[in-house]
>>> print(open('final_4.pdb').read())   # PDB, C-alpha atoms
ATOM      1  CA  MET A 131      18.459  -6.946  10.287
ATOM      2  CA  ILE A 132      19.043  -5.280   6.966
ATOM      3  CA  GLU A 133      17.660  -2.288   5.151
ATOM      4  CA  VAL A 134      15.814  -2.257   1.846
ATOM      5  CA  SER A 135      15.038   1.371   1.129
ATOM      6  CA  PHE A 136      13.806   1.488  -2.450
ATOM      7  CA  PRO A 137      11.800  -0.607  -4.926
ATOM      8  CA  ASP A 138      13.615  -2.322  -7.794
ATOM      9  CA  GLU A 139      12.811   0.509 -10.209
ATOM     10  CA  GLN A 140      15.167   2.895  -8.384
ATOM     11  CA  PRO A 141      18.177   3.622 -10.642
ATOM     12  CA  ASP A 142      21.493   2.316  -9.286
ATOM     13  CA  LYS A 143      22.980   5.827  -9.408
ATOM     14  CA  SER A 144      20.236   6.982  -7.014
ATOM     15  CA  LEU A 145      20.606   4.230  -4.412
ATOM     16  CA  PHE A 146      23.344   5.996  -2.428
ATOM     17  CA  GLY A 147      24.412   2.693  -0.854
ATOM     18  CA  HIS A 148      20.891   1.458  -0.112
ATOM     19  CA  LEU A 149      19.402  -1.857  -1.229
ATOM     20  CA  THR A 150      16.448  -2.809  -3.398
ATOM     21  CA  PRO A 151      14.623  -6.144  -3.130
ATOM     22  CA  LYS A 152      16.537  -7.501  -6.121
ATOM     23  CA  LEU A 153      19.907  -6.489  -4.654
ATOM     24  CA  LEU A 154      19.081  -7.979  -1.243
ATOM     25  CA  MET A 155      18.012 -11.273  -2.785
ATOM     26  CA  ALA A 156      21.181 -11.348  -4.893
ATOM     27  CA  GLU A 157      23.213 -10.979  -1.692
ATOM     28  CA  MET A 158      21.178 -13.709  -0.012
ATOM     29  CA  GLY A 159      21.813 -15.898  -3.056
ATOM     30  CA  ALA A 160      25.551 -15.327  -2.678
ATOM     31  CA  LEU A 161      25.283 -16.193   1.017
ATOM     32  CA  SER A 162      23.404 -19.406   0.186
ATOM     33  CA  LYS A 163      26.351 -20.528  -1.947
ATOM     34  CA  LEU A 164      28.520 -20.360   1.170
ATOM     35  CA  THR A 165      26.031 -21.802   3.658
ATOM     36  CA  GLY A 166      23.873 -24.028   1.490
ATOM     37  CA  VAL A 167      20.269 -23.219   0.621
ATOM     38  CA  ASP A 168      18.846 -25.237   3.523
ATOM     39  CA  ALA A 169      20.661 -23.066   6.067
ATOM     40  CA  LEU A 170      18.670 -20.027   4.929
ATOM     41  CA  LYS A 171      15.235 -21.672   4.766
ATOM     42  CA  ASN A 172      12.963 -19.859   7.265
ATOM     43  CA  LEU A 173      15.830 -17.614   8.399
ATOM     44  CA  ASN A 174      14.401 -14.518  10.098
ATOM     45  CA  VAL A 175      15.446 -11.455   8.087
ATOM     46  CA  VAL A 176      14.225  -8.201   9.603
ATOM     47  CA  ILE A 177      13.673  -5.623   6.857
ATOM     48  CA  THR A 178      14.213  -2.032   7.976
ATOM     49  CA  HIS A 179      14.448   1.494   6.544
ATOM     50  CA  LEU A 180      11.711   1.213   3.921
ATOM     51  CA  LYS A 181      11.374   4.732   2.560
ATOM     52  CA  PRO A 182       7.965   6.409   2.114
ATOM     53  CA  PRO A 183       5.582   7.034   0.449
ATOM     54  CA  SER A 184       3.206   4.259   1.456
ATOM     55  CA  ALA A 185       2.851   3.042  -2.143
ATOM     56  CA  SER A 186       6.615   2.568  -2.341
ATOM     57  CA  ILE A 187       6.671   0.572   0.915
ATOM     58  CA  LYS A 188       3.888  -1.697  -0.362
ATOM     59  CA  LYS A 189       5.773  -2.192  -3.620
ATOM     60  CA  ILE A 190       9.007  -3.103  -1.791
ATOM     61  CA  LYS A 191       7.129  -5.715   0.251
ATOM     62  CA  ARG A 192       5.501  -7.187  -2.881
ATOM     63  CA  GLU A 193       8.832  -7.340  -4.694
ATOM     64  CA  LEU A 194      10.550  -8.991  -1.724
ATOM     65  CA  ALA A 195       7.804 -11.614  -1.512
ATOM     66  CA  ALA A 196       8.007 -12.323  -5.250
ATOM     67  CA  GLU A 197      11.808 -12.624  -5.233
ATOM     68  CA  ASN A 198      12.050 -14.715  -2.048
ATOM     69  CA  LYS A 199      13.078 -17.995  -3.721
ATOM     70  CA  LEU A 200      15.145 -19.053  -0.689
ATOM     71  CA  GLY A 201      12.162 -19.202   1.655
ATOM     72  CA  LEU A 202      13.439 -16.511   4.019
ATOM     73  CA  ASN A 203      11.104 -15.416   6.807
ATOM     74  CA  LEU A 204      10.813 -11.714   6.016
ATOM     75  CA  VAL A 205       9.906  -9.697   9.107
ATOM     76  CA  TYR A 206       8.751  -6.081   9.040
ATOM     77  CA  PRO A 207       9.081  -4.451  12.473
ATOM     78  CA  GLN A 208       6.336  -2.168  13.715
ATOM     79  CA  GLN A 209       7.118   0.838  15.857
ATOM     80  CA  GLY A 210       6.462   0.175  19.534
ATOM     81  CA  LYS A 211       6.001  -3.595  19.108
ATOM     82  CA  MET A 212       8.523  -6.002  20.598
ATOM     83  CA  MET A 213      10.015  -8.625  18.325
ATOM     84  CA  GLU A 214      10.868 -12.054  19.664
ATOM     85  CA  PHE A 215      12.600 -14.873  17.837
TER      86      PHE A 215
END
>>> encode(input="final_4.pdb", output="structure tokens")
Amino acid sequence: MIEVSFPDEQPDKSLFGHLTPKLLMAEMGALSKLTGVDALKNLNVVITHLKPPSASIKKIKRELAAENKLGLNLVYPQQGKMMEF
């Protein structure tokens, strides 16, 4: 589980420690150098803490999908629904 709170357009000085899709994928890229790319293929990554408004959440999801070169299985939890892996 990891948070991605803002879309890529958010200025770095306004992230306050939060991630954007680009920053998350850069971290996953660094991880793949340690584990090998195949180890991350279809890895469940639960994305949390997407900040409103709704248009921003949709944009974050689009950006994550576009930048997902490692083939991660991006999971977006829904309130009240159980997640099983």
>>> axis_aligned_box(input="final_4.pdb", around="segment 174-193 of chain A", padding_each_side="3 Å", output="JSON")
{"center_x": 9.1, "center_y": -3.7, "center_z": 2.7, "size_x": 18.6, "size_y": 27.6, "size_z": 20.8}
>>> residues_around(input="final_4.pdb", residues="segment 193-197 of chain A", least_positions_apart="3", cutoff="9 Å", atoms="only C-alpha atoms", output="ChimeraX atom specification")
/A:137-138,150-152,154-155,188-190,200,204
>>> residues_around(input="final_4.pdb", residues="Leu149 of chain A", least_positions_apart="6", cutoff="7 Å", atoms="only C-alpha atoms", output="list in words")
Glu133, Val134, Ser135 and Phe136 of chain A
>>> residues_near_point(input="final_4.pdb", point="(20.6, -20.4, 1.5)", cutoff="12 Å", atoms="all atoms listed in the file", output="short mmCIF file (atom, residue, chain, number, x, y, z; two decimals) with C-alpha atoms, in the frame of the given file")
data_model
loop_
_atom_site.label_atom_id
_atom_site.label_comp_id
_atom_site.auth_asym_id
_atom_site.auth_seq_id
_atom_site.Cartn_x
_atom_site.Cartn_y
_atom_site.Cartn_z
CA MET A 155 18.01 -11.27 -2.78
CA ALA A 156 21.18 -11.35 -4.89
CA GLU A 157 23.21 -10.98 -1.69
CA MET A 158 21.18 -13.71 -0.01
CA GLY A 159 21.81 -15.90 -3.06
CA ALA A 160 25.55 -15.33 -2.68
CA LEU A 161 25.28 -16.19 1.02
CA SER A 162 23.40 -19.41 0.19
CA LYS A 163 26.35 -20.53 -1.95
CA LEU A 164 28.52 -20.36 1.17
CA THR A 165 26.03 -21.80 3.66
CA GLY A 166 23.87 -24.03 1.49
CA VAL A 167 20.27 -23.22 0.62
CA ASP A 168 18.85 -25.24 3.52
CA ALA A 169 20.66 -23.07 6.07
CA LEU A 170 18.67 -20.03 4.93
CA LYS A 171 15.24 -21.67 4.77
CA ASN A 172 12.96 -19.86 7.26
CA LEU A 173 15.83 -17.61 8.40
CA ASN A 198 12.05 -14.72 -2.05
CA LYS A 199 13.08 -18.00 -3.72
CA LEU A 200 15.14 -19.05 -0.69
CA GLY A 201 12.16 -19.20 1.66
CA LEU A 202 13.44 -16.51 4.02
CA ASN A 203 11.10 -15.42 6.81
#
>>> atom_distance(input="final_4.pdb", atom1="atom CA of Ile132 of chain A", atom2="atom CA of Ile177 of chain A")
5.4 Å
>>> atom_distance(input="final_4.pdb", atom1="atom CA of Ile187 of chain A", atom2="atom CA of Glu139 of chain A")
12.7 Å
>>> atom_distance(input="final_4.pdb", atom1="atom CA of Lys211 of chain A", atom2="atom CA of Ser186 of chain A")
22.3 Å
>>> closest_residue(input="final_4.pdb", among="A:Met213, A:Leu153, A:Tyr206, A:Arg192", to="Thr178 of chain A", atoms="all atoms listed in the file")
A:Tyr206
>>> decode(input="final_4.pdb", residues="segment 162-189 of chain A", atoms="N, CA and C atoms", output="PDB file, in the first residue's frame")
ATOM      1  N   SER A 162      12.879  -1.909  -9.089  1.00  0.00           N
ATOM      2  CA  SER A 162      13.071  -2.941 -10.112  1.00  0.00           C
ATOM      3  C   SER A 162      14.547  -3.187 -10.407  1.00  0.00           C
ATOM      4  N   LYS A 163      15.384  -2.190 -10.183  1.00  0.00           N
ATOM      5  CA  LYS A 163      16.826  -2.374 -10.378  1.00  0.00           C
ATOM      6  C   LYS A 163      17.410  -3.293  -9.310  1.00  0.00           C
ATOM      7  N   LEU A 164      16.761  -3.338  -8.156  1.00  0.00           N
ATOM      8  CA  LEU A 164      17.219  -4.215  -7.075  1.00  0.00           C
ATOM      9  C   LEU A 164      16.618  -5.616  -7.184  1.00  0.00           C
ATOM     10  N   THR A 165      15.377  -5.685  -7.640  1.00  0.00           N
ATOM     11  CA  THR A 165      14.656  -6.963  -7.663  1.00  0.00           C
ATOM     12  C   THR A 165      14.655  -7.636  -9.017  1.00  0.00           C
ATOM     13  N   GLY A 166      14.856  -6.841 -10.063  1.00  0.00           N
ATOM     14  CA  GLY A 166      14.645  -7.307 -11.430  1.00  0.00           C
ATOM     15  C   GLY A 166      13.224  -6.965 -11.845  1.00  0.00           C
ATOM     16  N   VAL A 167      13.045  -6.631 -13.100  1.00  0.00           N
ATOM     17  CA  VAL A 167      11.746  -6.192 -13.610  1.00  0.00           C
ATOM     18  C   VAL A 167      10.697  -7.288 -13.454  1.00  0.00           C
ATOM     19  N   ASP A 168      11.072  -8.532 -13.691  1.00  0.00           N
ATOM     20  CA  ASP A 168      10.102  -9.629 -13.629  1.00  0.00           C
ATOM     21  C   ASP A 168       9.486  -9.790 -12.243  1.00  0.00           C
ATOM     22  N   ALA A 169      10.204  -9.438 -11.208  1.00  0.00           N
ATOM     23  CA  ALA A 169       9.691  -9.574  -9.846  1.00  0.00           C
ATOM     24  C   ALA A 169       8.525  -8.620  -9.577  1.00  0.00           C
ATOM     25  N   LEU A 170       8.444  -7.538 -10.337  1.00  0.00           N
ATOM     26  CA  LEU A 170       7.392  -6.552 -10.115  1.00  0.00           C
ATOM     27  C   LEU A 170       6.198  -6.726 -11.051  1.00  0.00           C
ATOM     28  N   LYS A 171       6.354  -7.544 -12.085  1.00  0.00           N
ATOM     29  CA  LYS A 171       5.257  -7.765 -13.031  1.00  0.00           C
ATOM     30  C   LYS A 171       4.053  -8.319 -12.291  1.00  0.00           C
ATOM     31  N   ASN A 172       2.909  -7.656 -12.436  1.00  0.00           N
ATOM     32  CA  ASN A 172       1.641  -8.026 -11.789  1.00  0.00           C
ATOM     33  C   ASN A 172       1.660  -7.909 -10.266  1.00  0.00           C
ATOM     34  N   LEU A 173       2.644  -7.222  -9.711  1.00  0.00           N
ATOM     35  CA  LEU A 173       2.668  -6.990  -8.265  1.00  0.00           C
ATOM     36  C   LEU A 173       1.480  -6.118  -7.879  1.00  0.00           C
ATOM     37  N   ASN A 174       0.723  -6.548  -6.869  1.00  0.00           N
ATOM     38  CA  ASN A 174      -0.399  -5.741  -6.382  1.00  0.00           C
ATOM     39  C   ASN A 174       0.150  -4.525  -5.643  1.00  0.00           C
ATOM     40  N   VAL A 175      -0.211  -3.341  -6.115  1.00  0.00           N
ATOM     41  CA  VAL A 175       0.161  -2.085  -5.467  1.00  0.00           C
ATOM     42  C   VAL A 175      -1.140  -1.343  -5.178  1.00  0.00           C
ATOM     43  N   VAL A 176      -1.475  -1.247  -3.911  1.00  0.00           N
ATOM     44  CA  VAL A 176      -2.716  -0.593  -3.499  1.00  0.00           C
ATOM     45  C   VAL A 176      -2.445   0.905  -3.372  1.00  0.00           C
ATOM     46  N   ILE A 177      -3.167   1.690  -4.162  1.00  0.00           N
ATOM     47  CA  ILE A 177      -2.973   3.137  -4.212  1.00  0.00           C
ATOM     48  C   ILE A 177      -3.995   3.798  -3.284  1.00  0.00           C
ATOM     49  N   THR A 178      -3.495   4.527  -2.301  1.00  0.00           N
ATOM     50  CA  THR A 178      -4.361   5.173  -1.319  1.00  0.00           C
ATOM     51  C   THR A 178      -4.148   6.686  -1.304  1.00  0.00           C
ATOM     52  N   HIS A 179      -5.024   7.374  -0.591  1.00  0.00           N
ATOM     53  CA  HIS A 179      -4.888   8.796  -0.254  1.00  0.00           C
ATOM     54  C   HIS A 179      -4.942   9.715  -1.467  1.00  0.00           C
ATOM     55  N   LEU A 180      -5.730   9.346  -2.471  1.00  0.00           N
ATOM     56  CA  LEU A 180      -5.915  10.223  -3.625  1.00  0.00           C
ATOM     57  C   LEU A 180      -6.767  11.401  -3.175  1.00  0.00           C
ATOM     58  N   LYS A 181      -6.248  12.594  -3.360  1.00  0.00           N
ATOM     59  CA  LYS A 181      -6.940  13.784  -2.844  1.00  0.00           C
ATOM     60  C   LYS A 181      -7.975  14.298  -3.847  1.00  0.00           C
ATOM     61  N   PRO A 182      -9.162  14.701  -3.329  1.00  0.00           N
ATOM     62  CA  PRO A 182     -10.185  15.296  -4.191  1.00  0.00           C
ATOM     63  C   PRO A 182      -9.683  16.618  -4.761  1.00  0.00           C
ATOM     64  N   PRO A 183     -10.353  17.142  -5.763  1.00  0.00           N
ATOM     65  CA  PRO A 183     -11.672  16.804  -6.278  1.00  0.00           C
ATOM     66  C   PRO A 183     -11.653  15.582  -7.197  1.00  0.00           C
ATOM     67  N   SER A 184     -12.821  15.172  -7.599  1.00  0.00           N
ATOM     68  CA  SER A 184     -13.008  13.992  -8.439  1.00  0.00           C
ATOM     69  C   SER A 184     -12.171  14.062  -9.723  1.00  0.00           C
ATOM     70  N   ALA A 185     -12.090  15.225 -10.326  1.00  0.00           N
ATOM     71  CA  ALA A 185     -11.307  15.373 -11.563  1.00  0.00           C
ATOM     72  C   ALA A 185      -9.831  15.079 -11.310  1.00  0.00           C
ATOM     73  N   SER A 186      -9.338  15.452 -10.164  1.00  0.00           N
ATOM     74  CA  SER A 186      -7.949  15.203  -9.795  1.00  0.00           C
ATOM     75  C   SER A 186      -7.714  13.701  -9.599  1.00  0.00           C
ATOM     76  N   ILE A 187      -8.658  13.031  -8.958  1.00  0.00           N
ATOM     77  CA  ILE A 187      -8.537  11.580  -8.737  1.00  0.00           C
ATOM     78  C   ILE A 187      -8.516  10.845 -10.074  1.00  0.00           C
ATOM     79  N   LYS A 188      -9.394  11.239 -10.983  1.00  0.00           N
ATOM     80  CA  LYS A 188      -9.425  10.619 -12.316  1.00  0.00           C
ATOM     81  C   LYS A 188      -8.110  10.851 -13.049  1.00  0.00           C
ATOM     82  N   LYS A 189      -7.562  12.044 -12.912  1.00  0.00           N
ATOM     83  CA  LYS A 189      -6.301  12.371 -13.572  1.00  0.00           C
ATOM     84  C   LYS A 189      -5.158  11.535 -12.999  1.00  0.00           C
TER      85      LYS A 189
END
